[in-house]
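Enquirer: Structure file final.csv, CSV, C-alpha atoms, is pasted below:
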chain,number,residue,atom,x,y,z
U,625,LEU,CA,44.5,-29.0,-61.3
U,626,ALA,CA,47.4,-27.5,-59.4
U,627,PHE,CA,46.6,-29.9,-56.5
U,628,VAL,CA,46.6,-32.9,-58.9
U,629,ILE,CA,49.9,-31.9,-60.4
U,630,MET,CA,51.5,-31.5,-57.0
U,631,LEU,CA,50.0,-34.9,-56.0
U,632,TYR,CA,51.7,-36.7,-58.8
U,633,ILE,CA,55.0,-34.8,-58.9
U,634,PHE,CA,55.8,-34.4,-55.1
U,635,GLN,CA,58.6,-36.8,-54.0
U,636,ILE,CA,58.1,-38.9,-57.2
U,637,ASN,CA,61.6,-40.3,-56.9
U,638,SER,CA,62.5,-39.9,-53.3
U,639,LEU,CA,59.3,-41.6,-51.8
U,640,THR,CA,60.6,-45.1,-52.5
U,641,GLY,CA,64.3,-44.3,-52.6
U,642,GLY,CA,64.9,-46.0,-55.9
U,643,PHE,CA,63.4,-48.1,-58.7
U,644,SER,CA,61.9,-51.6,-58.5
U,645,LYS,CA,63.4,-54.4,-60.6
U,646,ILE,CA,60.5,-54.3,-63.0
U,647,GLU,CA,60.9,-50.6,-63.5
U,648,ARG,CA,64.6,-50.9,-64.2
U,649,THR,CA,64.0,-53.6,-66.7
U,650,TYR,CA,61.3,-51.4,-68.5
U,651,ILE,CA,63.6,-48.4,-68.5
U,652,ALA,CA,66.4,-50.5,-70.0
U,653,SER,CA,64.0,-51.6,-72.8
U,654,THR,CA,63.3,-47.9,-73.8
U,655,SER,CA,67.0,-46.8,-74.1
U,656,SER,CA,66.9,-46.7,-78.0
U,657,PHE,CA,64.6,-46.4,-80.9
U,658,GLY,CA,65.7,-49.9,-82.1
U,659,GLN,CA,64.5,-51.5,-78.9
U,660,ILE,CA,61.2,-49.6,-79.0
U,661,PHE,CA,60.5,-50.5,-82.6
U,662,SER,CA,61.3,-54.2,-82.1
U,663,GLU,CA,58.4,-54.4,-79.6
U,664,THR,CA,56.0,-51.6,-80.1
U,665,VAL,CA,53.5,-52.5,-77.4
U,666,PHE,CA,53.1,-49.3,-75.2
U,667,MET,CA,55.1,-47.4,-77.8
U,668,PRO,CA,53.7,-43.9,-76.9
U,669,HIS,CA,54.8,-44.4,-73.3
U,670,LYS,CA,58.1,-45.8,-74.4
U,671,LEU,CA,58.9,-42.8,-76.6
U,672,LEU,CA,58.2,-40.5,-73.7
U,673,SER,CA,60.4,-42.6,-71.5
U,674,LEU,CA,63.1,-42.5,-74.1
U,675,GLY,CA,62.9,-38.7,-74.0
U,676,ALA,CA,63.0,-38.7,-70.2
U,677,ASN,CA,66.1,-40.9,-70.3
U,678,ALA,CA,67.8,-38.6,-72.7
U,679,ILE,CA,67.4,-35.7,-70.3
U,680,SER,CA,69.1,-37.5,-67.4
U,681,GLU,CA,71.6,-40.5,-67.6
U,682,ASN,CA,70.5,-41.6,-64.1
U,683,SER,CA,66.9,-41.9,-65.1
U,684,ASN,CA,65.8,-39.1,-62.7
U,685,TYR,CA,62.9,-38.3,-64.9
U,686,ALA,CA,61.9,-41.9,-65.8
U,687,ARG,CA,58.6,-41.7,-63.8
U,688,PHE,CA,57.5,-38.3,-65.2
U,689,PRO,CA,55.9,-39.7,-68.4
U,690,SER,CA,53.5,-41.8,-66.3
U,691,ALA,CA,52.7,-38.8,-64.1
U,692,ILE,CA,52.0,-36.6,-67.0
U,693,ILE,CA,49.8,-39.1,-68.7
U,694,MET,CA,47.9,-39.8,-65.5
U,695,ILE,CA,47.2,-36.1,-64.9
U,696,PHE,CA,45.7,-36.0,-68.4
U,697,MET,CA,43.6,-39.1,-67.7
U,698,ILE,CA,42.3,-37.5,-64.5
U,699,ILE,CA,41.3,-34.4,-66.5
U,700,CYS,CA,39.4,-36.7,-69.0
U,701,PHE,CA,37.7,-38.5,-66.1
U,702,TYR,CA,36.5,-35.1,-64.7
U,703,VAL,CA,35.2,-34.1,-68.2
U,704,LEU,CA,33.2,-37.3,-68.5
U,705,MET,CA,31.8,-37.1,-65.0
U,706,GLU,CA,30.8,-33.5,-65.5
U,707,ARG,CA,29.1,-34.5,-68.8
U,708,TRP,CA,27.2,-37.4,-67.1
U,709,TYR,CA,26.4,-35.6,-63.8
U,710,THR,CA,26.9,-32.1,-62.2
U,711,ARG,CA,30.0,-30.2,-61.5
U,712,ARG,CA,29.7,-31.0,-57.8
U,713,ILE,CA,29.5,-34.8,-58.5
U,714,ALA,CA,32.4,-34.5,-61.0
U,715,LEU,CA,34.6,-32.8,-58.4
U,716,LEU,CA,33.9,-35.3,-55.6
U,717,SER,CA,34.3,-38.4,-57.8
U,718,THR,CA,37.4,-37.0,-59.5
U,719,LEU,CA,38.9,-36.4,-56.0
U,720,LEU,CA,38.3,-40.0,-55.1
U,721,PHE,CA,39.8,-41.2,-58.3
U,722,ALA,CA,42.8,-39.0,-58.2
U,723,THR,CA,43.7,-39.8,-54.6
U,724,SER,CA,43.2,-43.5,-54.9
U,725,SER,CA,46.3,-45.4,-53.7
U,726,TRP,CA,46.2,-47.6,-56.8
U,727,THR,CA,45.9,-44.6,-59.2
U,728,LEU,CA,48.7,-42.9,-57.4
U,729,THR,CA,50.9,-46.0,-57.6
U,730,ILE,CA,50.6,-46.6,-61.3
U,731,GLY,CA,50.7,-42.9,-62.1
U,732,ARG,CA,54.0,-42.4,-60.2
U,733,GLN,CA,56.0,-45.4,-61.5
U,734,ALA,CA,58.2,-45.9,-64.5
U,735,LEU,CA,55.8,-48.4,-66.0
U,736,PRO,CA,53.3,-48.1,-68.9
U,737,THR,CA,50.3,-49.4,-67.0
U,738,VAL,CA,48.7,-46.0,-67.0
U,739,LEU,CA,48.0,-46.4,-70.7
U,740,TYR,CA,45.2,-48.9,-69.8
U,741,PHE,CA,43.2,-45.8,-68.8
U,742,SER,CA,43.2,-44.7,-72.5
U,743,TRP,CA,39.5,-45.4,-72.9
U,744,LEU,CA,38.9,-42.2,-70.8
U,745,PRO,CA,40.3,-39.7,-73.3
U,746,ILE,CA,38.7,-41.7,-76.2
U,747,LEU,CA,35.2,-41.3,-74.5
U,748,ALA,CA,36.0,-37.7,-73.7
U,749,LEU,CA,36.9,-37.1,-77.4
U,750,LEU,CA,33.6,-38.6,-78.5
U,751,TYR,CA,31.6,-36.1,-76.4
U,752,TRP,CA,33.9,-33.2,-77.5
U,753,THR,CA,33.5,-34.0,-81.2
U,754,THR,CA,29.8,-34.6,-81.1
U,755,SER,CA,29.2,-31.4,-79.3
U,756,LYS,CA,30.5,-29.4,-82.2
U,757,SER,CA,28.5,-28.8,-85.4
U,758,LYS,CA,31.7,-28.5,-87.4
U,759,ASN,CA,35.0,-29.5,-86.1
U,760,TYR,CA,37.8,-30.1,-88.6
U,761,LEU,CA,40.2,-31.2,-85.9
U,762,SER,CA,37.9,-34.1,-85.0
U,763,ILE,CA,39.1,-36.5,-87.7
U,764,PHE,CA,42.7,-35.9,-86.8
U,765,LEU,CA,42.1,-36.7,-83.2
U,766,TRP,CA,40.1,-39.9,-84.1
U,767,VAL,CA,43.1,-41.0,-86.2
U,768,LEU,CA,45.4,-40.5,-83.3
U,769,SER,CA,43.0,-42.5,-81.1
U,770,LEU,CA,42.7,-45.3,-83.6
U,771,THR,CA,46.5,-45.4,-83.9
U,772,LEU,CA,46.9,-45.4,-80.1
U,773,ALA,CA,44.7,-48.5,-80.0
U,774,PHE,CA,47.3,-50.5,-81.9
U,775,TYR,CA,49.9,-49.9,-79.2
U,776,VAL,CA,47.8,-50.6,-76.0
U,777,PRO,CA,46.8,-54.2,-75.5
U,778,GLY,CA,43.0,-54.7,-75.8
U,779,LEU,CA,42.2,-51.1,-76.5
U,780,LEU,CA,41.5,-51.8,-80.2
U,781,TRP,CA,38.5,-53.9,-79.2
U,782,PHE,CA,37.0,-51.0,-77.3
U,783,VAL,CA,37.6,-48.6,-80.2
U,784,VAL,CA,35.9,-51.0,-82.6
U,785,VAL,CA,32.9,-51.5,-80.4
U,786,LEU,CA,32.6,-47.8,-79.7
U,787,ALA,CA,32.9,-46.9,-83.4
U,788,ALA,CA,30.2,-49.4,-84.3
U,789,SER,CA,27.9,-48.0,-81.7
U,790,GLN,CA,28.6,-44.4,-82.9
U,791,ARG,CA,28.8,-45.1,-86.6
U,792,GLN,CA,26.2,-42.5,-87.5
U,793,ARG,CA,28.0,-39.7,-85.7
U,794,LEU,CA,31.3,-40.8,-87.1
U,795,ARG,CA,29.8,-41.0,-90.6
U,796,ARG,CA,28.5,-37.4,-90.2
U,797,ILE,CA,32.0,-36.2,-89.2
U,798,LEU,CA,33.5,-37.9,-92.3
U,799,VAL,CA,30.8,-36.3,-94.6
U,800,GLN,CA,31.6,-32.8,-93.2
U,801,THR,CA,35.4,-33.3,-93.6
U,802,PRO,CA,37.0,-32.0,-96.8
U,803,ARG,CA,38.4,-34.7,-99.0
U,804,TRP,CA,41.9,-33.4,-98.8
U,805,GLN,CA,41.8,-33.6,-95.1
U,806,THR,CA,40.5,-37.2,-95.2
U,807,VAL,CA,43.4,-38.2,-97.5
U,808,LEU,CA,45.8,-36.5,-95.2
U,809,CYS,CA,44.5,-38.3,-92.2
U,810,LEU,CA,44.7,-41.6,-94.1
U,811,LEU,CA,48.4,-41.0,-94.8
U,812,LEU,CA,48.9,-40.0,-91.2
U,813,PHE,CA,47.3,-43.2,-90.0
U,814,ILE,CA,49.5,-45.3,-92.4
U,815,ILE,CA,52.7,-43.5,-91.2
U,816,LEU,CA,51.8,-43.9,-87.5
U,817,THR,CA,51.1,-47.6,-87.9
U,818,ILE,CA,54.3,-48.4,-89.8
U,819,PRO,CA,56.2,-49.3,-86.5
U,820,PHE,CA,53.4,-51.7,-85.5
U,821,ILE,CA,53.4,-53.4,-88.9
U,822,TYR,CA,57.2,-53.7,-88.9
U,823,SER,CA,57.2,-55.1,-85.4
U,824,ALA,CA,54.4,-57.5,-86.2
U,825,VAL,CA,56.2,-58.9,-89.2
U,826,GLN,CA,59.3,-59.5,-87.1
U,827,SER,CA,57.3,-61.1,-84.3
U,828,PRO,CA,53.8,-62.3,-85.2
U,829,LEU,CA,52.9,-63.0,-81.6
U,830,LEU,CA,53.0,-59.2,-81.1
U,831,VAL,CA,49.7,-59.0,-82.9
U,832,LEU,CA,48.0,-61.2,-80.3
U,833,GLN,CA,49.6,-59.1,-77.5
U,834,SER,CA,48.4,-55.9,-79.0
U,835,LEU,CA,44.9,-57.3,-79.3
U,836,GLY,CA,45.0,-58.4,-75.7
U,837,LEU,CA,44.5,-62.0,-76.9
U,838,PRO,CA,46.2,-65.0,-75.2
U,839,SER,CA,49.1,-66.7,-76.8
U,840,LYS,CA,48.6,-70.0,-74.9
U,841,LEU,CA,45.5,-72.1,-74.4
U,842,SER,CA,46.0,-72.2,-70.6
U,843,GLN,CA,45.4,-68.5,-70.5
U,844,ILE,CA,42.0,-69.0,-72.0
U,845,THR,CA,41.0,-71.8,-69.7
U,846,GLY,CA,42.2,-69.8,-66.7
U,847,PHE,CA,40.0,-66.8,-67.5
U,848,PRO,CA,37.2,-67.5,-65.0
U,849,SER,CA,39.7,-68.0,-62.1
U,850,ARG,CA,41.5,-64.8,-63.2
U,851,LEU,CA,38.2,-62.8,-63.0
U,852,LEU,CA,37.6,-64.2,-59.5
U,853,ASP,CA,41.1,-63.2,-58.6
U,854,ILE,CA,40.4,-59.7,-59.9
U,855,PHE,CA,37.3,-59.5,-57.7
U,856,SER,CA,39.2,-60.7,-54.7
U,857,GLN,CA,42.1,-58.2,-55.1
U,858,ILE,CA,39.8,-55.2,-55.6
U,859,PHE,CA,37.2,-55.9,-52.8
U,860,VAL,CA,38.5,-58.6,-50.4
U,861,TYR,CA,42.1,-59.7,-50.3
U,862,SER,CA,45.0,-58.6,-52.6
U,863,SER,CA,48.0,-60.6,-53.7
U,864,GLY,CA,50.4,-58.8,-51.5
U,865,ASN,CA,52.7,-57.5,-54.2
U,866,PRO,CA,54.8,-54.7,-52.5
U,867,VAL,CA,55.6,-53.1,-55.9
U,868,PHE,CA,52.0,-51.9,-56.2
U,869,HIS,CA,50.4,-51.8,-52.7
U,870,ILE,CA,50.8,-52.6,-49.0
U,871,GLY,CA,50.2,-56.0,-47.5
U,872,HIS,CA,47.1,-57.9,-48.5
U,873,LEU,CA,44.7,-55.0,-48.2
U,874,PRO,CA,42.2,-54.8,-51.0
U,875,TYR,CA,42.5,-52.0,-53.5
U,876,LEU,CA,39.3,-50.3,-52.4
U,877,ASP,CA,38.2,-49.1,-48.9
U,878,VAL,CA,34.9,-50.0,-47.4
U,879,SER,CA,33.3,-46.6,-48.0
U,880,THR,CA,34.2,-46.6,-51.7
U,881,ILE,CA,32.9,-50.2,-52.0
U,882,LEU,CA,29.5,-49.0,-50.5
U,883,LEU,CA,29.4,-46.1,-53.0
U,884,PHE,CA,30.2,-48.5,-55.8
U,885,ILE,CA,27.3,-50.8,-54.8
U,886,ILE,CA,24.9,-47.9,-54.5
U,887,GLY,CA,26.1,-46.8,-58.0
U,888,LEU,CA,25.3,-50.2,-59.4
U,889,TYR,CA,21.9,-50.1,-57.7
U,890,ARG,CA,21.2,-46.8,-59.4
U,891,LEU,CA,21.3,-48.6,-62.8
U,892,ARG,CA,17.7,-49.5,-62.3
U,893,TYR,CA,16.8,-45.9,-62.9
U,894,SER,CA,16.6,-44.7,-66.5
U,895,SER,CA,18.6,-41.5,-65.7
U,896,ALA,CA,21.6,-43.8,-65.2
U,897,ARG,CA,21.2,-45.9,-68.3
U,898,LYS,CA,23.9,-44.0,-70.2
U,899,ILE,CA,26.4,-45.1,-67.6
U,900,MET,CA,25.3,-48.7,-68.1
U,901,ASN,CA,25.7,-48.3,-71.8
U,902,TRP,CA,29.2,-46.9,-71.5
U,903,SER,CA,30.3,-49.4,-68.9
U,904,GLY,CA,28.9,-52.2,-71.1
U,905,LEU,CA,31.0,-51.0,-74.0
U,906,ILE,CA,34.1,-50.7,-71.8
U,907,THR,CA,33.6,-54.1,-70.3
U,908,ILE,CA,32.9,-55.9,-73.6
U,909,GLY,CA,35.7,-54.1,-75.4
U,910,LEU,CA,38.4,-54.6,-72.8
U,911,LEU,CA,37.6,-57.8,-71.0
U,912,ILE,CA,38.3,-59.7,-74.2
U,913,GLY,CA,41.9,-59.2,-73.3
U,914,VAL,CA,43.0,-61.9,-70.8
U,915,GLY,CA,46.3,-60.6,-69.6
U,916,SER,CA,47.6,-60.5,-66.1
U,917,SER,CA,45.3,-59.6,-63.2
U,918,ALA,CA,47.3,-56.4,-62.7
U,919,VAL,CA,46.4,-55.3,-66.2
U,920,ASN,CA,42.7,-56.0,-65.8
U,921,ILE,CA,42.6,-54.3,-62.4
U,922,ALA,CA,44.1,-51.2,-64.0
U,923,ILE,CA,41.2,-51.2,-66.5
U,924,PHE,CA,38.5,-51.7,-63.9
U,925,ILE,CA,39.6,-49.0,-61.4
U,926,PRO,CA,38.4,-45.9,-63.4
U,927,LEU,CA,35.1,-47.7,-64.1
U,928,ILE,CA,34.6,-48.5,-60.4
U,929,TYR,CA,35.1,-44.8,-59.6
U,930,VAL,CA,32.5,-43.9,-62.2
U,931,PHE,CA,30.0,-46.0,-60.4
U,932,ALA,CA,31.2,-44.5,-57.0
U,933,GLY,CA,30.4,-41.1,-58.5
U,934,SER,CA,27.0,-42.5,-59.5
U,935,GLY,CA,26.5,-43.6,-55.9
U,936,ILE,CA,27.3,-40.1,-54.6
U,937,SER,CA,24.9,-38.6,-57.0
U,938,PHE,CA,22.1,-41.1,-56.0
U,939,LEU,CA,22.5,-40.3,-52.3
U,940,LEU,CA,22.4,-36.6,-52.8
U,941,VAL,CA,19.4,-36.8,-55.2
U,942,GLN,CA,17.5,-38.9,-52.7
U,943,TRP,CA,18.2,-36.4,-49.9
U,944,PHE,CA,17.2,-33.4,-52.0
U,945,ARG,CA,13.9,-35.1,-52.8
U,946,VAL,CA,13.1,-35.4,-49.1
U,947,PHE,CA,14.1,-31.7,-48.5
U,948,PRO,CA,13.5,-30.0,-51.9
U,949,LYS,CA,13.2,-26.5,-50.5
U,950,ASN,CA,15.2,-26.5,-47.3
U,951,PRO,CA,18.6,-24.8,-48.0
U,952,ILE,CA,20.0,-25.8,-44.7
U,953,ALA,CA,19.3,-29.5,-45.3
U,954,ARG,CA,20.8,-29.3,-48.8
U,955,ILE,CA,24.0,-27.6,-47.4
U,956,PHE,CA,24.2,-30.3,-44.7
U,957,ALA,CA,23.9,-33.1,-47.2
U,958,THR,CA,26.5,-31.6,-49.5
U,959,SER,CA,28.9,-30.9,-46.6
U,960,ALA,CA,28.5,-34.4,-45.1
U,961,MET,CA,29.2,-36.1,-48.5
U,962,THR,CA,32.2,-33.8,-49.0
U,963,ILE,CA,33.6,-34.8,-45.6
U,964,VAL,CA,33.1,-38.5,-46.4
U,965,VAL,CA,35.0,-38.0,-49.7
U,966,LEU,CA,37.8,-36.1,-47.9
U,967,LEU,CA,38.2,-38.8,-45.3
U,968,ILE,CA,38.4,-41.5,-48.0
U,969,SER,CA,41.0,-39.4,-49.8
U,970,PHE,CA,43.0,-38.9,-46.6
U,971,TYR,CA,43.0,-42.7,-46.0
U,972,HIS,CA,44.4,-43.4,-49.4
U,973,LEU,CA,46.9,-40.6,-49.3
U,974,SER,CA,48.1,-41.9,-45.9
U,975,ARG,CA,48.2,-45.4,-47.2
U,976,TYR,CA,50.3,-44.4,-50.2
U,977,TYR,CA,52.6,-41.7,-48.9
U,978,ILE,CA,53.2,-43.0,-45.4
U,979,ALA,CA,52.3,-46.7,-44.9
U,980,TRP,CA,53.4,-48.1,-48.3
U,981,PRO,CA,56.9,-46.6,-48.5
U,982,LEU,CA,57.6,-47.5,-44.8
U,983,ASN,CA,56.6,-51.1,-45.3
U,984,PRO,CA,59.7,-53.4,-45.0
U,985,ALA,CA,58.5,-55.4,-48.1
U,986,THR,CA,58.3,-52.2,-50.1
U,987,LYS,CA,61.8,-51.1,-49.1
U,988,SER,CA,63.1,-54.5,-50.1
U,989,VAL,CA,61.8,-54.2,-53.7
U,990,PHE,CA,62.8,-50.6,-54.3
U,991,SER,CA,66.5,-49.9,-54.2
U,992,ASN,CA,68.9,-47.1,-55.2
U,993,THR,CA,72.2,-49.0,-55.1
U,994,ASP,CA,74.3,-47.7,-57.9
U,995,GLY,CA,71.8,-45.8,-60.0
U,996,LYS,CA,72.4,-48.1,-63.0
U,997,ILE,CA,69.7,-49.7,-65.1
U,998,GLU,CA,69.8,-53.4,-65.9
U,999,GLU,CA,70.6,-54.1,-69.5
Please lay out the structure from this file as C-alpha cells.
Expert:
Amino acid sequence: LAFVIMLYIFQINSLTGGFSKIERTYIASTSSFGQIFSETVFMPHKLLSLGANAISENSNYARFPSAIIMIFMIICFYVLMERWYTRRIALLSTLLFATSSWTLTIGRQALPTVLYFSWLPILALLYWTTSKSKNYLSIFLWVLSLTLAFYVPGLLWFVVVLAASQRQRLRRILVQTPRWQTVLCLLLFIILTIPFIYSAVQSPLLVLQSLGLPSKLSQITGFPSRLLDIFSQIFVYSSGNPVFHIGHLPYLDVSTILLFIIGLYRLRYSSARKIMNWSGLITIGLLIGVGSSAVNIAIFIPLIYVFAGSGISFLLVQWFRVFPKNPIARIFATSAMTIVVLLISFYHLSRYYIAWPLNPATKSVFSNTDGKIEE
C-alpha cells in the first residue's frame, strides 16, 4: 500500500510542469457549488476538486482527488482478485494494474476519468456484504453505490444489471435490515439525488449523459467504428493524444496482451466461469454507454488486467500440475512469473515517468505559464 501511495503522489505536479488545457477547463468548472450543481455529472470528483481548490488558490492539490480515488480503486481491485484467485495472483495482477501507464495517467491528472473504475468497489462491496451473515452497514453502502451510479455516465446500467442478478442476496439484506434503518436509507437516497434531479430539470440532456446514452443519432450509428477504434488503441495503434500517452504506442505491451489472451483462453474451464459472468455483467452494463473512446478505454482497462491475472493463474496452475511435488520447480515458476511482472511494470513506469514527460508533444500540451485557471 505504501508503494502504491508513493507511486501516485510522487511528483504529481512537477512531472509535467503544469496542467493541460482540458485539466484547466475542468478545474475552472469546479470552482463553486453553483457550477457543480448546474452539471452534476462526476459530482463526487467535482466536490473533492472543489475542496482541493479551496486549500490552494494555485490549484496545487487539483490532482490529489484523482490520486486518492485511484488508490482506493487499486485496493478494490486487489480485494476482487484475492477473492477470485490466490493472494499470490492478486499481488502480481494488482502490481500490473497499478503500474500500467494508462492507470498512472488517469490517476495522476485533474480529471474525473478515474470514476469510470467505480464498478470495482461496487463488486468488492457485493462480496463484502454477502460474506457477512448480518451486516447493518450494508444497506447504507448500497445506497451510496446506487447514488454514485447517478453521477457516473453509464454506471447505472451496471448497477441495475448487477442488482437484478443478485436480487435474492439483496432481498435477504433488506429482510434482515430494521425498518427504521430502511426508512433512513430511503431518505438518504432522496437527499443525495436531489442535485441530480435539480440539474436534470434544468438540462434534460443531462439525463442521457448520466445514463451514458447518446444525444445524437450519429453517435449510435458510429458505435461499431468506435469499438474498432477502442480495440486498435488498446492493442495495436493509439490515437497519439499526448495528454494521455506517448506517441502512437498501444496502451498495452506485448506481454500483457499475451497474458490477456491466455486469460480469455482459460474461460473454457469451469473454474474461471465466475470471471466470465462478472465480465459479462460489466460489459453488458457499461458498453451501453457510447461516449468517447477515451471513456470506453478507461472502462476496459481494469477488466483487461483481470483477464491478465487469470492468464498468470492459468500458467502457474499448468506448471504446478506438471511438477506437483517438486518444490524447486514450483519456486522457479513463481520466481519466473514474478520477474516477468516486474519487467512489465518497469517498462510502464519508464514509459510514464521518463519517456512521456520528455516527449516534445507532451511538453507542448502541459504548461505552467501564469498558474491561472481558464474561466
Enquirer: Find the residues of stretch 633-709 of chain U that sit at most 10 Å from stretch 921-929 of chain U; for each, write down the nearest two atoms and how far apart they are in Å, to one decimal. Count all atoms listed in the file. Sort by chain, then by number going up, and give it as a tab-separated table.
Expert:
residue	atom	partner	partner_atom	distance
U:Met697	CA	U:Pro926	CA	9.6
U:Ile698	CA	U:Pro926	CA	9.3
U:Phe701	CA	U:Pro926	CA	7.9
U:Met705	CA	U:Tyr929	CA	10.0
Enquirer: Got a sec to check which residues sit within 8 Å of (63.5, -51.6, -52.7), counting only C-alpha atoms, and write them as a PDB file with C-alpha atoms, keeping the file's coordinate frame?
Expert:
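The resulting result.pdb:
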ATOM      1  CA  THR U 640      60.600 -45.100 -52.500  1.00  0.00           C
ATOM      2  CA  GLY U 641      64.300 -44.300 -52.600  1.00  0.00           C
ATOM      3  CA  GLY U 642      64.900 -46.000 -55.900  1.00  0.00           C
ATOM      4  CA  PHE U 643      63.400 -48.100 -58.700  1.00  0.00           C
ATOM      5  CA  SER U 644      61.900 -51.600 -58.500  1.00  0.00           C
ATOM      6  CA  ALA U 985      58.500 -55.400 -48.100  1.00  0.00           C
ATOM      7  CA  THR U 986      58.300 -52.200 -50.100  1.00  0.00           C
ATOM      8  CA  LYS U 987      61.800 -51.100 -49.100  1.00  0.00           C
ATOM      9  CA  SER U 988      63.100 -54.500 -50.100  1.00  0.00           C
ATOM     10  CA  VAL U 989      61.800 -54.200 -53.700  1.00  0.00           C
ATOM     11  CA  PHE U 990      62.800 -50.600 -54.300  1.00  0.00           C
ATOM     12  CA  SER U 991      66.500 -49.900 -54.200  1.00  0.00           C
ATOM     13  CA  ASN U 992      68.900 -47.100 -55.200  1.00  0.00           C
TER      14      ASN U 992
END
Enquirer: Any idea what's packed within 9 Å of U:Tyr971, counting all atoms listed in the file, ignoring anything in its chain fewer than 5 positions away? Could you give it as a VMD selection string?
Expert: chain U and resid 724 to 725 877 966 976
Enquirer: Go ahead and dump the residues you just picked, C-alpha atoms, as a short mmCIF file (atom, residue, chain, number, x, y, z; two decimals), keeping the file's coordinate frame.
Expert:
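And here's out18.cif as it stands now:
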data_model
loop_
_atom_site.label_atom_id
_atom_site.label_comp_id
_atom_site.auth_asym_id
_atom_site.auth_seq_id
_atom_site.Cartn_x
_atom_site.Cartn_y
_atom_site.Cartn_z
CA SER U 724 43.20 -43.50 -54.90
CA SER U 725 46.30 -45.40 -53.70
CA ASP U 877 38.20 -49.10 -48.90
CA LEU U 966 37.80 -36.10 -47.90
CA TYR U 976 50.30 -44.40 -50.20
#
Enquirer: Anything within 9 Å of (51.8, -52.9, -60.2): list those residues as a short mmCIF file (atom, residue, chain, number, x, y, z; two decimals) with C-alpha atoms, in the frame of the given file, counting only C-alpha atoms and sticking to the file's coordinates.
Expert:
data_model
loop_
_atom_site.label_atom_id
_atom_site.label_comp_id
_atom_site.auth_asym_id
_atom_site.auth_seq_id
_atom_site.Cartn_x
_atom_site.Cartn_y
_atom_site.Cartn_z
CA TRP U 726 46.20 -47.60 -56.80
CA THR U 729 50.90 -46.00 -57.60
CA ILE U 730 50.60 -46.60 -61.30
CA GLN U 733 56.00 -45.40 -61.50
CA LEU U 735 55.80 -48.40 -66.00
CA THR U 737 50.30 -49.40 -67.00
CA ASN U 865 52.70 -57.50 -54.20
CA PRO U 866 54.80 -54.70 -52.50
CA VAL U 867 55.60 -53.10 -55.90
CA PHE U 868 52.00 -51.90 -56.20
CA HIS U 869 50.40 -51.80 -52.70
CA ALA U 918 47.30 -56.40 -62.70
CA VAL U 919 46.40 -55.30 -66.20
CA ALA U 922 44.10 -51.20 -64.00
#
Enquirer: Any idea what the distance is between atom CA of U:Ser879 and atom CA of U:Arg732?
Expert: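 Separation of atom CA of U:Ser879 and atom CA of U:Arg732: 24.4 Å.
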Enquirer: Which of these, U:Gln790, U:Ser959, U:Ser680, U:Thr817, has the shortest distance to U:Leu768 once you count all atoms listed in the file?
Expert: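 Under the stated criterion, the closest residue is U:Thr817.
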Enquirer: Go ahead and compute the interatomic distance for atom CA of U:Arg975 and atom CA of U:Ile854, in Å to one decimal.
Expert: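 It comes out at 20.7 Å.
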Enquirer: Select, from U:Ile695, U:Leu939, U:Leu739, U:Ile952, the residue with the minimum atom-to-atom distance to U:Phe721, counting all atoms listed in the file.
Expert: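 Residue with the minimum atom-to-atom distance to U:Phe721: U:Ile695.
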Enquirer: Return the single residue from U:Gly658, U:Pro745, U:Gly731, U:Pro951 that is closest to U:Ala691, with distances computed using all atoms listed in the file.
Expert: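 Answer, going by the shortest atom-to-atom distance: U:Gly731.
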Enquirer: If you measure from atom CA of U:Leu728 to atom CA of U:Leu973, what distance in Å do you get, rounded to one decimal?
Expert: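 Going from atom CA of U:Leu728 over to atom CA of U:Leu973, I get 8.6 Å.
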Enquirer: Return the single residue from U:Leu873, U:Ala932, U:Ala676, U:Leu625 that is closest to U:Ser656, with distances computed using only C-alpha atoms.
Expert: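 The answer is U:Ala676, which sits nearest to U:Ser656.
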Enquirer: Taking all atoms listed in the file into account, which of U:Phe855, U:Lys949, U:Ser934, U:Val860 comes nearest U:Tyr889?
Expert: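 Checking each of U:Phe855, U:Lys949, U:Ser934, U:Val860 against U:Tyr889, counting all atoms listed in the file, the winner is U:Ser934.
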Enquirer: Near U:Arg793, counting all atoms listed in the file, which residues have an atom at most 10 Å away, once you skip same-chain residues fewer than 5 positions from it, shown as a ChimeraX atom specification?
Expert: /U:750,753-754,787,798-799
